[in-house]
Structures are given as structure tokens and as C-alpha cells.
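Quick look at final.pdb (PDB, C-alpha atoms):
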```pdb
ATOM      1  CA  MET E   1       0.000   0.000   0.000  1.00  0.00           C
ATOM      2  CA  SER E   2       1.411   3.371  -1.026  1.00  0.00           C
ATOM      3  CA  PRO E   3       1.527   6.315   1.416  1.00  0.00           C
ATOM      4  CA  GLN E   4      -1.300   8.025  -0.491  1.00  0.00           C
ATOM      5  CA  GLN E   5      -3.494   4.897  -0.345  1.00  0.00           C
ATOM      6  CA  ARG E   6      -2.722   4.477   3.352  1.00  0.00           C
ATOM      7  CA  GLN E   7      -3.606   8.097   4.079  1.00  0.00           C
ATOM      8  CA  GLU E   8      -6.875   7.779   2.164  1.00  0.00           C
ATOM      9  CA  THR E   9      -7.675   4.703   4.262  1.00  0.00           C
ATOM     10  CA  ILE E  10      -6.961   6.697   7.415  1.00  0.00           C
ATOM     11  CA  LEU E  11      -9.205   9.548   6.225  1.00  0.00           C
ATOM     12  CA  ARG E  12     -12.089   7.171   5.506  1.00  0.00           C
ATOM     13  CA  GLN E  13     -11.793   5.689   9.004  1.00  0.00           C
ATOM     14  CA  ILE E  14     -11.760   9.157  10.567  1.00  0.00           C
ATOM     15  CA  GLU E  15     -14.857  10.118   8.579  1.00  0.00           C
ATOM     16  CA  ARG E  16     -16.656   6.967   9.770  1.00  0.00           C
ATOM     17  CA  GLU E  17     -15.581   7.061  13.407  1.00  0.00           C
ATOM     18  CA  GLY E  18     -14.755  10.719  14.067  1.00  0.00           C
ATOM     19  CA  SER E  19     -11.259   9.995  15.413  1.00  0.00           C
ATOM     20  CA  VAL E  20      -8.460   7.416  15.300  1.00  0.00           C
ATOM     21  CA  ARG E  21      -5.645   6.200  17.559  1.00  0.00           C
ATOM     22  CA  SER E  22      -2.140   5.871  16.145  1.00  0.00           C
ATOM     23  CA  LEU E  23      -1.348   2.494  17.722  1.00  0.00           C
ATOM     24  CA  GLN E  24      -4.582   0.954  16.477  1.00  0.00           C
ATOM     25  CA  LEU E  25      -3.922   2.283  12.980  1.00  0.00           C
ATOM     26  CA  ALA E  26      -0.401   0.894  12.984  1.00  0.00           C
ATOM     27  CA  LYS E  27      -1.718  -2.531  13.940  1.00  0.00           C
ATOM     28  CA  SER E  28      -4.598  -2.600  11.446  1.00  0.00           C
ATOM     29  CA  LEU E  29      -2.444  -1.317   8.562  1.00  0.00           C
ATOM     30  CA  ASP E  30       0.571  -3.458   9.524  1.00  0.00           C
ATOM     31  CA  VAL E  31       3.044  -0.574   9.667  1.00  0.00           C
ATOM     32  CA  THR E  32       5.108   1.030  12.411  1.00  0.00           C
ATOM     33  CA  PRO E  33       3.732   3.728  14.734  1.00  0.00           C
ATOM     34  CA  GLU E  34       6.366   6.056  13.271  1.00  0.00           C
ATOM     35  CA  THR E  35       4.896   5.572   9.796  1.00  0.00           C
ATOM     36  CA  ILE E  36       1.420   6.418  11.087  1.00  0.00           C
ATOM     37  CA  ARG E  37       2.786   9.476  12.893  1.00  0.00           C
ATOM     38  CA  LYS E  38       4.247  10.751   9.610  1.00  0.00           C
ATOM     39  CA  ASP E  39       0.978  10.033   7.792  1.00  0.00           C
ATOM     40  CA  LEU E  40      -1.032  11.984  10.356  1.00  0.00           C
ATOM     41  CA  GLU E  41       1.417  14.878  10.300  1.00  0.00           C
ATOM     42  CA  GLN E  42       1.144  15.005   6.508  1.00  0.00           C
ATOM     43  CA  LEU E  43      -2.659  15.007   6.655  1.00  0.00           C
ATOM     44  CA  ALA E  44      -2.646  17.672   9.376  1.00  0.00           C
ATOM     45  CA  SER E  45      -0.285  19.881   7.355  1.00  0.00           C
ATOM     46  CA  THR E  46      -2.934  20.114   4.619  1.00  0.00           C
ATOM     47  CA  ASN E  47      -5.795  20.665   7.117  1.00  0.00           C
ATOM     48  CA  ARG E  48      -7.380  17.306   6.354  1.00  0.00           C
ATOM     49  CA  VAL E  49      -7.294  16.164  10.009  1.00  0.00           C
ATOM     50  CA  ILE E  50      -6.604  17.676  13.420  1.00  0.00           C
ATOM     51  CA  ARG E  51      -3.791  16.021  15.370  1.00  0.00           C
ATOM     52  CA  THR E  52      -4.583  14.948  18.924  1.00  0.00           C
ATOM     53  CA  HIS E  53      -2.513  13.272  21.610  1.00  0.00           C
ATOM     54  CA  GLY E  54      -2.059   9.717  20.352  1.00  0.00           C
ATOM     55  CA  GLY E  55      -4.066  10.113  17.158  1.00  0.00           C
ATOM     56  CA  ALA E  56      -6.198  12.475  15.075  1.00  0.00           C
ATOM     57  CA  THR E  57      -9.768  13.691  14.716  1.00  0.00           C
ATOM     58  CA  ARG E  58     -12.024  14.908  11.935  1.00  0.00           C
ATOM     59  CA  ALA E  59     -11.213  18.487  10.998  1.00  0.00           C
ATOM     60  CA  THR E  60     -14.878  19.497  10.923  1.00  0.00           C
ATOM     61  CA  ASP E  61     -15.305  18.441  14.555  1.00  0.00           C
ATOM     62  CA  ALA E  62     -14.063  21.937  15.329  1.00  0.00           C
ATOM     63  CA  HIS E  63     -16.765  23.394  13.016  1.00  0.00           C
ATOM     64  CA  HIS E  64     -13.931  24.437  10.750  1.00  0.00           C
ATOM     65  CA  ASP E  65     -14.596  24.823   7.048  1.00  0.00           C
ATOM     66  CA  LEU E  66     -11.740  23.079   5.254  1.00  0.00           C
ATOM     67  CA  PRO E  67     -10.306  24.800   2.178  1.00  0.00           C
ATOM     68  CA  LEU E  68     -11.562  23.308  -1.093  1.00  0.00           C
ATOM     69  CA  PRO E  69      -8.179  21.769  -2.085  1.00  0.00           C
ATOM     70  CA  ALA E  70      -8.158  19.793   1.169  1.00  0.00           C
ATOM     71  CA  ARG E  71     -11.817  18.742   0.882  1.00  0.00           C
ATOM     72  CA  GLN E  72     -11.271  17.425  -2.633  1.00  0.00           C
ATOM     73  CA  TRP E  73      -9.070  14.597  -1.351  1.00  0.00           C
ATOM     74  CA  VAL E  74     -11.271  13.391   1.501  1.00  0.00           C
ATOM     75  CA  ASN E  75     -13.102  10.189   0.429  1.00  0.00           C
ATOM     76  CA  ARG E  76     -12.207  10.979  -3.172  1.00  0.00           C
ATOM     77  CA  GLU E  77     -13.085   7.538  -4.581  1.00  0.00           C
ATOM     78  CA  GLU E  78     -16.584   7.684  -3.126  1.00  0.00           C
ATOM     79  CA  LYS E  79     -17.074  11.269  -4.309  1.00  0.00           C
ATOM     80  CA  ILE E  80     -16.125  10.322  -7.860  1.00  0.00           C
ATOM     81  CA  ILE E  81     -18.630   7.480  -8.136  1.00  0.00           C
ATOM     82  CA  VAL E  82     -21.369   9.613  -6.530  1.00  0.00           C
ATOM     83  CA  ALA E  83     -20.622  12.460  -8.961  1.00  0.00           C
ATOM     84  CA  ARG E  84     -20.815  10.133 -11.964  1.00  0.00           C
ATOM     85  CA  ALA E  85     -24.203   8.810 -10.852  1.00  0.00           C
ATOM     86  CA  ALA E  86     -25.528  12.338 -10.286  1.00  0.00           C
ATOM     87  CA  ALA E  87     -24.265  13.574 -13.668  1.00  0.00           C
ATOM     88  CA  ALA E  88     -26.179  10.752 -15.360  1.00  0.00           C
ATOM     89  CA  LEU E  89     -29.464  12.331 -14.206  1.00  0.00           C
ATOM     90  CA  VAL E  90     -28.966  15.338 -16.492  1.00  0.00           C
ATOM     91  CA  GLN E  91     -30.750  15.457 -19.852  1.00  0.00           C
ATOM     92  CA  PRO E  92     -30.194  17.655 -22.961  1.00  0.00           C
ATOM     93  CA  ASN E  93     -31.247  21.302 -22.581  1.00  0.00           C
ATOM     94  CA  ASP E  94     -31.622  21.086 -18.801  1.00  0.00           C
ATOM     95  CA  THR E  95     -30.860  24.117 -16.659  1.00  0.00           C
ATOM     96  CA  ILE E  96     -28.862  22.975 -13.642  1.00  0.00           C
ATOM     97  CA  PHE E  97     -27.170  24.571 -10.643  1.00  0.00           C
ATOM     98  CA  LEU E  98     -23.860  23.261  -9.293  1.00  0.00           C
ATOM     99  CA  ASP E  99     -22.783  24.484  -5.864  1.00  0.00           C
ATOM    100  CA  ALA E 100     -19.255  24.877  -4.490  1.00  0.00           C
ATOM    101  CA  SER E 101     -18.979  21.545  -2.681  1.00  0.00           C
ATOM    102  CA  SER E 102     -16.140  19.186  -3.572  1.00  0.00           C
ATOM    103  CA  THR E 103     -18.499  16.394  -4.695  1.00  0.00           C
ATOM    104  CA  VAL E 104     -20.553  18.696  -6.913  1.00  0.00           C
ATOM    105  CA  LEU E 105     -17.358  20.029  -8.473  1.00  0.00           C
ATOM    106  CA  LEU E 106     -16.706  16.491  -9.696  1.00  0.00           C
ATOM    107  CA  ILE E 107     -20.165  16.406 -11.299  1.00  0.00           C
ATOM    108  CA  ALA E 108     -18.928  19.138 -13.637  1.00  0.00           C
ATOM    109  CA  GLU E 109     -16.179  16.819 -14.862  1.00  0.00           C
ATOM    110  CA  TYR E 110     -18.631  13.999 -15.645  1.00  0.00           C
ATOM    111  CA  LEU E 111     -21.461  15.935 -17.280  1.00  0.00           C
ATOM    112  CA  PRO E 112     -22.319  14.475 -20.704  1.00  0.00           C
ATOM    113  CA  GLU E 113     -21.424  16.474 -23.824  1.00  0.00           C
ATOM    114  CA  ILE E 114     -24.966  17.758 -24.420  1.00  0.00           C
ATOM    115  CA  PRO E 115     -26.560  21.221 -24.626  1.00  0.00           C
ATOM    116  CA  LEU E 116     -26.935  22.550 -21.080  1.00  0.00           C
ATOM    117  CA  THR E 117     -27.359  25.750 -19.122  1.00  0.00           C
ATOM    118  CA  VAL E 118     -25.172  25.555 -16.032  1.00  0.00           C
ATOM    119  CA  LEU E 119     -25.564  28.041 -13.190  1.00  0.00           C
ATOM    120  CA  THR E 120     -22.944  28.102 -10.461  1.00  0.00           C
ATOM    121  CA  ASN E 121     -21.406  30.151  -7.682  1.00  0.00           C
ATOM    122  CA  ALA E 122     -18.203  28.064  -7.821  1.00  0.00           C
ATOM    123  CA  HIS E 123     -15.055  29.332  -9.509  1.00  0.00           C
ATOM    124  CA  HIS E 124     -13.753  25.783 -10.066  1.00  0.00           C
ATOM    125  CA  VAL E 125     -16.937  24.801 -11.913  1.00  0.00           C
ATOM    126  CA  VAL E 126     -16.388  27.718 -14.283  1.00  0.00           C
ATOM    127  CA  VAL E 127     -12.830  26.533 -14.895  1.00  0.00           C
ATOM    128  CA  ALA E 128     -13.959  22.930 -15.450  1.00  0.00           C
ATOM    129  CA  LEU E 129     -16.705  23.806 -17.962  1.00  0.00           C
ATOM    130  CA  GLY E 130     -15.264  26.914 -19.582  1.00  0.00           C
ATOM    131  CA  GLY E 131     -14.205  25.185 -22.796  1.00  0.00           C
ATOM    132  CA  ARG E 132     -17.453  23.361 -23.563  1.00  0.00           C
ATOM    133  CA  SER E 133     -19.116  24.709 -26.704  1.00  0.00           C
ATOM    134  CA  GLN E 134     -22.591  23.320 -25.882  1.00  0.00           C
ATOM    135  CA  CYS E 135     -22.608  24.644 -22.335  1.00  0.00           C
ATOM    136  CA  ASP E 136     -24.222  28.011 -21.576  1.00  0.00           C
ATOM    137  CA  LEU E 137     -22.248  28.783 -18.430  1.00  0.00           C
ATOM    138  CA  ILE E 138     -23.462  31.447 -15.993  1.00  0.00           C
ATOM    139  CA  CYS E 139     -21.616  32.429 -12.813  1.00  0.00           C
ATOM    140  CA  THR E 140     -23.403  34.325 -10.060  1.00  0.00           C
ATOM    141  CA  GLY E 141     -20.645  36.700  -9.060  1.00  0.00           C
ATOM    142  CA  GLY E 142     -20.862  38.134  -5.556  1.00  0.00           C
ATOM    143  CA  ASN E 143     -18.534  38.207  -2.572  1.00  0.00           C
ATOM    144  CA  TYR E 144     -15.580  35.934  -3.301  1.00  0.00           C
ATOM    145  CA  GLU E 145     -14.788  33.455  -0.546  1.00  0.00           C
ATOM    146  CA  ASP E 146     -11.277  32.081  -0.873  1.00  0.00           C
ATOM    147  CA  ARG E 147     -11.641  28.949   1.274  1.00  0.00           C
ATOM    148  CA  SER E 148     -14.489  27.582  -0.846  1.00  0.00           C
ATOM    149  CA  ARG E 149     -13.322  29.243  -4.108  1.00  0.00           C
ATOM    150  CA  SER E 150     -16.867  30.511  -4.577  1.00  0.00           C
ATOM    151  CA  TYR E 151     -19.210  33.499  -4.460  1.00  0.00           C
ATOM    152  CA  VAL E 152     -21.782  34.154  -1.735  1.00  0.00           C
ATOM    153  CA  GLY E 153     -23.921  36.999  -0.442  1.00  0.00           C
ATOM    154  CA  ALA E 154     -26.839  39.056  -1.721  1.00  0.00           C
ATOM    155  CA  MET E 155     -25.383  39.582  -5.201  1.00  0.00           C
ATOM    156  CA  ALA E 156     -24.936  35.840  -5.727  1.00  0.00           C
ATOM    157  CA  GLU E 157     -28.501  35.178  -4.545  1.00  0.00           C
ATOM    158  CA  ASP E 158     -30.015  37.927  -6.711  1.00  0.00           C
ATOM    159  CA  ALA E 159     -28.241  36.695  -9.851  1.00  0.00           C
ATOM    160  CA  LEU E 160     -30.300  33.489  -9.860  1.00  0.00           C
ATOM    161  CA  LYS E 161     -33.792  34.949  -9.389  1.00  0.00           C
ATOM    162  CA  ARG E 162     -34.621  34.899 -13.106  1.00  0.00           C
ATOM    163  CA  PHE E 163     -33.909  31.205 -13.676  1.00  0.00           C
ATOM    164  CA  ALA E 164     -36.137  28.144 -13.468  1.00  0.00           C
ATOM    165  CA  ILE E 165     -33.772  25.375 -12.388  1.00  0.00           C
ATOM    166  CA  LYS E 166     -34.405  21.783 -13.486  1.00  0.00           C
ATOM    167  CA  TRP E 167     -31.743  20.193 -11.244  1.00  0.00           C
ATOM    168  CA  LEU E 168     -30.321  21.773  -8.118  1.00  0.00           C
ATOM    169  CA  PHE E 169     -27.245  19.746  -7.123  1.00  0.00           C
ATOM    170  CA  LEU E 170     -26.186  20.396  -3.534  1.00  0.00           C
ATOM    171  CA  GLY E 171     -23.420  18.936  -1.416  1.00  0.00           C
ATOM    172  CA  VAL E 172     -23.653  18.675   2.368  1.00  0.00           C
ATOM    173  CA  ASP E 173     -21.385  18.410   5.368  1.00  0.00           C
ATOM    174  CA  GLY E 174     -24.064  16.405   7.143  1.00  0.00           C
ATOM    175  CA  LEU E 175     -27.381  14.765   6.309  1.00  0.00           C
ATOM    176  CA  HIS E 176     -29.645  13.701   9.158  1.00  0.00           C
ATOM    177  CA  PRO E 177     -33.146  12.183   8.855  1.00  0.00           C
ATOM    178  CA  GLU E 178     -34.555  14.496  11.557  1.00  0.00           C
ATOM    179  CA  PHE E 179     -32.504  17.682  11.169  1.00  0.00           C
ATOM    180  CA  GLY E 180     -32.029  17.617   7.391  1.00  0.00           C
ATOM    181  CA  ALA E 181     -29.132  18.843   5.244  1.00  0.00           C
ATOM    182  CA  SER E 182     -26.478  20.982   6.896  1.00  0.00           C
ATOM    183  CA  GLU E 183     -23.295  22.953   6.213  1.00  0.00           C
ATOM    184  CA  VAL E 184     -20.334  24.285   8.190  1.00  0.00           C
ATOM    185  CA  ASN E 185     -20.231  27.402   6.010  1.00  0.00           C
ATOM    186  CA  PRO E 186     -23.025  29.902   6.777  1.00  0.00           C
ATOM    187  CA  GLY E 187     -22.727  31.785   3.470  1.00  0.00           C
ATOM    188  CA  GLN E 188     -23.059  28.585   1.441  1.00  0.00           C
ATOM    189  CA  ALA E 189     -25.972  27.427   3.602  1.00  0.00           C
ATOM    190  CA  VAL E 190     -27.943  30.639   3.032  1.00  0.00           C
ATOM    191  CA  LEU E 191     -27.424  30.534  -0.743  1.00  0.00           C
ATOM    192  CA  LYS E 192     -28.571  26.908  -0.929  1.00  0.00           C
ATOM    193  CA  GLU E 193     -31.637  27.611   1.200  1.00  0.00           C
ATOM    194  CA  ARG E 194     -32.664  30.515  -1.061  1.00  0.00           C
ATOM    195  CA  LEU E 195     -32.397  28.343  -4.177  1.00  0.00           C
ATOM    196  CA  LEU E 196     -34.633  25.492  -2.979  1.00  0.00           C
ATOM    197  CA  PRO E 197     -37.973  27.028  -4.131  1.00  0.00           C
ATOM    198  CA  ARG E 198     -36.563  27.722  -7.613  1.00  0.00           C
ATOM    199  CA  ALA E 199     -35.786  24.108  -8.502  1.00  0.00           C
ATOM    200  CA  GLU E 200     -37.950  21.414 -10.037  1.00  0.00           C
ATOM    201  CA  HIS E 201     -35.670  18.719  -8.605  1.00  0.00           C
ATOM    202  CA  VAL E 202     -33.385  19.111  -5.574  1.00  0.00           C
ATOM    203  CA  CYS E 203     -30.635  16.480  -5.487  1.00  0.00           C
ATOM    204  CA  ILE E 204     -28.431  15.990  -2.440  1.00  0.00           C
ATOM    205  CA  VAL E 205     -25.087  14.388  -3.320  1.00  0.00           C
ATOM    206  CA  CYS E 206     -22.877  13.018  -0.570  1.00  0.00           C
ATOM    207  CA  ASP E 207     -20.629  10.107   0.235  1.00  0.00           C
ATOM    208  CA  SER E 208     -21.934   7.718   2.880  1.00  0.00           C
ATOM    209  CA  THR E 209     -19.787   9.165   5.701  1.00  0.00           C
ATOM    210  CA  LYS E 210     -22.023  12.268   5.713  1.00  0.00           C
ATOM    211  CA  LEU E 211     -25.165  10.280   6.541  1.00  0.00           C
ATOM    212  CA  GLY E 212     -26.364  10.710  10.108  1.00  0.00           C
ATOM    213  CA  ARG E 213     -24.106  13.732  10.700  1.00  0.00           C
ATOM    214  CA  LYS E 214     -25.176  17.239  11.760  1.00  0.00           C
ATOM    215  CA  SER E 215     -23.348  20.509  11.133  1.00  0.00           C
ATOM    216  CA  PRO E 216     -24.119  23.978  12.520  1.00  0.00           C
ATOM    217  CA  PHE E 217     -26.095  25.485   9.614  1.00  0.00           C
ATOM    218  CA  ILE E 218     -29.185  23.636   8.359  1.00  0.00           C
ATOM    219  CA  PHE E 219     -30.309  24.662   4.867  1.00  0.00           C
ATOM    220  CA  ALA E 220     -32.937  22.038   3.931  1.00  0.00           C
ATOM    221  CA  GLN E 221     -35.409  19.786   5.690  1.00  0.00           C
ATOM    222  CA  VAL E 222     -35.899  16.251   4.396  1.00  0.00           C
ATOM    223  CA  ASN E 223     -39.177  17.191   2.669  1.00  0.00           C
ATOM    224  CA  GLN E 224     -37.374  19.882   0.649  1.00  0.00           C
ATOM    225  CA  PHE E 225     -35.314  17.558  -1.544  1.00  0.00           C
ATOM    226  CA  ASP E 226     -36.452  14.656  -3.678  1.00  0.00           C
ATOM    227  CA  VAL E 227     -33.302  12.783  -4.763  1.00  0.00           C
ATOM    228  CA  LEU E 228     -30.348  11.514  -2.726  1.00  0.00           C
ATOM    229  CA  VAL E 229     -27.230  10.169  -4.439  1.00  0.00           C
ATOM    230  CA  THR E 230     -24.712   8.343  -2.252  1.00  0.00           C
ATOM    231  CA  ASP E 231     -22.349   5.367  -2.408  1.00  0.00           C
ATOM    232  CA  SER E 232     -22.867   1.684  -1.683  1.00  0.00           C
ATOM    233  CA  HIS E 233     -21.126   1.876   1.700  1.00  0.00           C
ATOM    234  CA  ALA E 234     -24.320   3.510   2.980  1.00  0.00           C
ATOM    235  CA  ARG E 235     -26.175   1.309   5.431  1.00  0.00           C
ATOM    236  CA  ASP E 236     -29.762   0.439   4.605  1.00  0.00           C
ATOM    237  CA  THR E 237     -30.805   1.660   8.052  1.00  0.00           C
ATOM    238  CA  ASP E 238     -29.363   5.099   7.205  1.00  0.00           C
ATOM    239  CA  LEU E 239     -31.346   5.255   3.954  1.00  0.00           C
ATOM    240  CA  GLN E 240     -34.712   3.898   5.028  1.00  0.00           C
ATOM    241  CA  ALA E 241     -35.956   7.145   6.562  1.00  0.00           C
ATOM    242  CA  TYR E 242     -35.409   8.959   3.247  1.00  0.00           C
ATOM    243  CA  ARG E 243     -37.124   6.214   1.279  1.00  0.00           C
ATOM    244  CA  ASN E 244     -40.051   6.324   3.692  1.00  0.00           C
ATOM    245  CA  ALA E 245     -40.301  10.063   2.984  1.00  0.00           C
ATOM    246  CA  GLY E 246     -40.656   9.359  -0.737  1.00  0.00           C
ATOM    247  CA  ILE E 247     -37.124  10.430  -1.646  1.00  0.00           C
ATOM    248  CA  ARG E 248     -35.542   8.640  -4.579  1.00  0.00           C
ATOM    249  CA  THR E 249     -32.240   7.115  -3.457  1.00  0.00           C
ATOM    250  CA  VAL E 250     -29.571   6.467  -6.070  1.00  0.00           C
ATOM    251  CA  ILE E 251     -26.832   4.147  -4.800  1.00  0.00           C
ATOM    252  CA  ALA E 252     -23.583   4.320  -6.744  1.00  0.00           C
ATOM    253  CA  PRO E 253     -21.604   1.042  -6.428  1.00  0.00           C
ATOM    254  CA  ILE E 254     -18.051   1.201  -5.112  1.00  0.00           C
ATOM    255  CA  GLU E 255     -15.683  -0.413  -7.622  1.00  0.00           C
ATOM    256  CA  GLY E 256     -15.109  -4.085  -6.816  1.00  0.00           C
ATOM    257  CA  GLU E 257     -18.343  -4.514  -4.851  1.00  0.00           C
TER     258      GLU E 257
END
```

Now that the file is in, can you turn its structure into C-alpha cells?
Amino acid sequence: MSPQQRQETILRQIEREGSVRSLQLAKSLDVTPETIRKDLEQLASTNRVIRTHGGATRATDAHHDLPLPARQWVNREEKIIVARAAAALVQPNDTIFLDASSTVLLIAEYLPEIPLTVLTNAHHVVVALGGRSQCDLICTGGNYEDRSRSYVGAMAEDALKRFAIKWLFLGVDGLHPEFGASEVNPGQAVLKERLLPRAEHVCIVCDSTKLGRKSPFIFAQVNQFDVLVTDSHARDTDLQAYRNAGIRTVIAPIEGE
């Protein structure tokens, strides 16, 4: 196992369990404690985890919004397969909105080469789709937020008032059957909340580690979205409440399962 693969394994365990202990990691991964210490220091240096005495914890446990470059590498395999499944929902001539979450950014990379109108507040989505001839690409503008590489605030919200959105694709930091969809970033949460009434279909995209979690800023109740796309590591017990609420659940299979 390469250092990158080992570190991704560590990140997935932290996302599942909230924290890890160095000695337990060393034993389960069959490496020395010194190797794990270096792995955790590397992950901490890029703000992907928070080091603790004898281990590490999830960075968002401190209600800290990770910079986009760091978020892009957390559970990347799961995010890719979720993004592919979500992109497959889009049909020719749809008008869609892509937010600034790391999973939704990947949707931009997997959108089919068909005529589309794409609305976004995310700088990286603009970069990803800028060369597509069949894509009518519209960026909100607004107050630029460096950590999320996106635009928020009143100007961003006002820019979208004239559009009827077919698919609203939203990432989450947490999705809970009682509390709903939540964010650690208040500006992103407000923008998402304001867009909900403008969409024909609201699709929550998240890897399975986000299920059952709560973050400080709730932007949607369960009855305000109608599609959930997640990966096949999701437990059936975590999904049943959404199915009971009439939400379509799309389960993207992890490769090899």
C-alpha cells in the first residue's frame, strides 16, 4: 500500500468514526507507529485532520470549514462514483445549478457532452466547464470566498432569481433524517436555502460518511429535496428514513463490490 493509499484509508476511518488512535492504525495497517505518525502529520499539514494526543480527529469536529483543495481529497473515490451517478441524471437542454462543494465540483467533470445551461457560484466549476461549446455557463458573481473558491452573499442570490432550475445539485457536510441537510459554512448554507424554491428537482449528493451527521447550519429539511445520491457503503438503516419520505435514493456502487 502506497503512502497516499494508506492516508486515504486513514481519512475514511476518521470520517466513519470521528477519530483514530495511532497504535490501532499501525496494527490494522501493519506498519510502524512512526509511519502512522508521519501520515497523520502530513494530513494535518494540509488541514485534512486535526492532530490529537495519540491520534487524530475529523477536521470538521471543530466546526472548521476546510479549504476546497483539502476537501477534494477526503473520500475521493466515493465522491467520484457519486458524482458520476448524479451527472447521469442530467438530460439535454436542462438548466442545472452546481454548488461549491467538492463532490458537486466532480459532477462538472462527468457531465455528458450535451446542450446545457449551467448556473454556479463556484469558480472551479467555471474553470472545469469553460471550454465546452454546448454549455451556456453562468456564474453568479458576488462576494468571493477564498476557502471555498466561490461566491456568496446578496449579489450571488439575486443573480439566480430569473432562472427556473431543473436540477439543483447540492453537497452537504451532514445529512440527518430528523434535522435535514447541513453545512459548516453559513454563506453557502444561506445561498442553498434561497435556491430550494426555484428548482424542479433538488438532489443531495454526498458520500456515505455524511449520513447521520449534523453541522451547525441547516439549509434544507428532508421534505425539501427529492433525490439523494450516495455510495454503496451507505447502510440500509441510514437510507430507510429517506425512502419512507418518498425520496428517490440512487446508490452508486463502489468499484469491486

Using all atoms listed in the file, collect all residues at a distance of at most 10 Å from (-14.9, 24.6, -7.9) as written in the file, then present them as number ranges by chain. E: 68-69, 72, 98-106, 108, 120-128, 148-150

Please report as a tab-separated table every residue of region 39-154 of chain E lying within 12 Å of region 201-208 of chain E, along with the nearest atom pair and their distance in Å (one decimal), using all atoms listed in the file.
```
residue	atom	partner	partner_atom	distance
E:Val74	CA	E:Asp207	CA	10.0
E:Asn75	CA	E:Asp207	CA	7.5
E:Arg76	CA	E:Asp207	CA	9.1
E:Glu77	CA	E:Asp207	CA	9.3
E:Glu78	CA	E:Asp207	CA	5.8
E:Lys79	CA	E:Asp207	CA	5.9
E:Ile80	CA	E:Asp207	CA	9.3
E:Ile81	CA	E:Asp207	CA	9.0
E:Val82	CA	E:Asp207	CA	6.8
E:Ala83	CA	E:Val205	CA	7.4
E:Arg84	CA	E:Val205	CA	10.5
E:Ala85	CA	E:Val205	CA	9.4
E:Ala86	CA	E:Val205	CA	7.3
E:Ala87	CA	E:Val205	CA	10.4
E:Leu89	CA	E:Cys203	CA	9.7
E:Val90	CA	E:His201	CA	10.9
E:Asp94	CA	E:His201	CA	11.2
E:Thr95	CA	E:His201	CA	10.8
E:Ile96	CA	E:His201	CA	9.5
E:Phe97	CA	E:Val202	CA	9.7
E:Leu98	CA	E:Cys203	CA	10.3
E:Asp99	CA	E:Val205	CA	10.7
E:Ser101	CA	E:Val205	CA	9.4
E:Ser102	CA	E:Cys206	CA	9.6
E:Thr103	CA	E:Cys206	CA	6.9
E:Val104	CA	E:Val205	CA	7.2
E:Leu105	CA	E:Val205	CA	10.9
E:Leu106	CA	E:Val205	CA	10.7
E:Ile107	CA	E:Val205	CA	9.6
```

Quick check, in Å to one decimal: how far apart do CA of Ala252 (chain E) and CA of His233 (chain E) lie?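 Atom-to-atom, CA of Ala252 (chain E) to CA of His233 (chain E), that is 9.1 Å.
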
Apply the PyMOL selection byres ((chain E and resi 22-25) around 7) to the displayed file and report the matching residues as a list of chain:residue names.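 Answer for the PyMOL selection byres ((chain E and resi 22-25) around 7): E:Val20, E:Arg21, E:Ala26, E:Lys27, E:Ser28, E:Leu29, E:Pro33, E:Ile36, E:Arg37, E:Gly54, E:Gly55.
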
Applied to the shown file, which residues does the PyMOL selection byres ((chain E and resi 192) around 10) return, written as JSON, numbers by chain? {"E": [99, 152, 157, 168, 169, 170, 171, 183, 186, 187, 188, 189, 190, 191, 193, 194, 195, 196, 197, 218, 219, 220]}

If you count only C-alpha atoms, which residues fall within 9 Å of Lys214 (chain E), apart from same-chain ones fewer than 5 positions away, as a list in words?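 Contacts, with the query itself left out: Asp173, Gly174, Leu175, His176, Phe179, Gly180, Ala181, Ser182 and Glu183 of chain E.
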
So what do you get for CA of Glu200 (chain E) versus CA of Phe163 (chain E), distance-wise? 11.2 Å

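Residues captured in this structure file are E:Gln7, E:Ser22, E:Glu34, E:Thr35, E:Ile36, E:Arg37, E:Lys38, E:Asp39, E:Leu40, E:Gln42, E:Leu43, E:Ala44, E:Ser45, E:Thr46, E:Asn47, E:Arg48, E:Val49, E:Ile50, E:Arg51, E:Thr52, E:Gly54, E:Gly55, E:Ala56, according to the PyMOL selection byres ((chain E and resi 41) around 12).
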
Can I get the selection written as an mmCIF file, in the coordinates of the input, with C-alpha atoms?
```
data_model
loop_
_atom_site.group_PDB
_atom_site.id
_atom_site.type_symbol
_atom_site.label_atom_id
_atom_site.label_comp_id
_atom_site.auth_asym_id
_atom_site.auth_seq_id
_atom_site.Cartn_x
_atom_site.Cartn_y
_atom_site.Cartn_z
ATOM 1 C CA GLN E 7 -3.606 8.097 4.079
ATOM 2 C CA SER E 22 -2.140 5.871 16.145
ATOM 3 C CA GLU E 34 6.366 6.056 13.271
ATOM 4 C CA THR E 35 4.896 5.572 9.796
ATOM 5 C CA ILE E 36 1.420 6.418 11.087
ATOM 6 C CA ARG E 37 2.786 9.476 12.893
ATOM 7 C CA LYS E 38 4.247 10.751 9.610
ATOM 8 C CA ASP E 39 0.978 10.033 7.792
ATOM 9 C CA LEU E 40 -1.032 11.984 10.356
ATOM 10 C CA GLN E 42 1.144 15.005 6.508
ATOM 11 C CA LEU E 43 -2.659 15.007 6.655
ATOM 12 C CA ALA E 44 -2.646 17.672 9.376
ATOM 13 C CA SER E 45 -0.285 19.881 7.355
ATOM 14 C CA THR E 46 -2.934 20.114 4.619
ATOM 15 C CA ASN E 47 -5.795 20.665 7.117
ATOM 16 C CA ARG E 48 -7.380 17.306 6.354
ATOM 17 C CA VAL E 49 -7.294 16.164 10.009
ATOM 18 C CA ILE E 50 -6.604 17.676 13.420
ATOM 19 C CA ARG E 51 -3.791 16.021 15.370
ATOM 20 C CA THR E 52 -4.583 14.948 18.924
ATOM 21 C CA GLY E 54 -2.059 9.717 20.352
ATOM 22 C CA GLY E 55 -4.066 10.113 17.158
ATOM 23 C CA ALA E 56 -6.198 12.475 15.075
#
```

Provide the CA of Val31 (chain E) to CA of Glu8 (chain E) distance in Å, to one decimal place.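 For CA of Val31 (chain E) relative to CA of Glu8 (chain E), the distance reads 15.0 Å.
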
Ranking E:Cys135, E:Ala88, E:Val229, E:Ala245 by minimum distance to Leu119 (chain E) and counting only C-alpha atoms, which one comes first?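 Smallest separation from Leu119 (chain E) among the options: E:Cys135.
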
Check the smallest atom-to-atom distance from each of E:Arg162, E:Arg213, E:Ser19, E:Thr32 to His53 (chain E) using only C-alpha atoms, then report the winner.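 Checking each of E:Arg162, E:Arg213, E:Ser19, E:Thr32 against His53 (chain E), counting only C-alpha atoms, the winner is E:Ser19.
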
Nearest residue to Leu228 (chain E) out of E:Pro3, E:Gly246, E:Gly142, E:Pro216, using only C-alpha atoms?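 Going through E:Pro3, E:Gly246, E:Gly142, E:Pro216 one by one, the smallest distance to Leu228 (chain E) is for E:Gly246.
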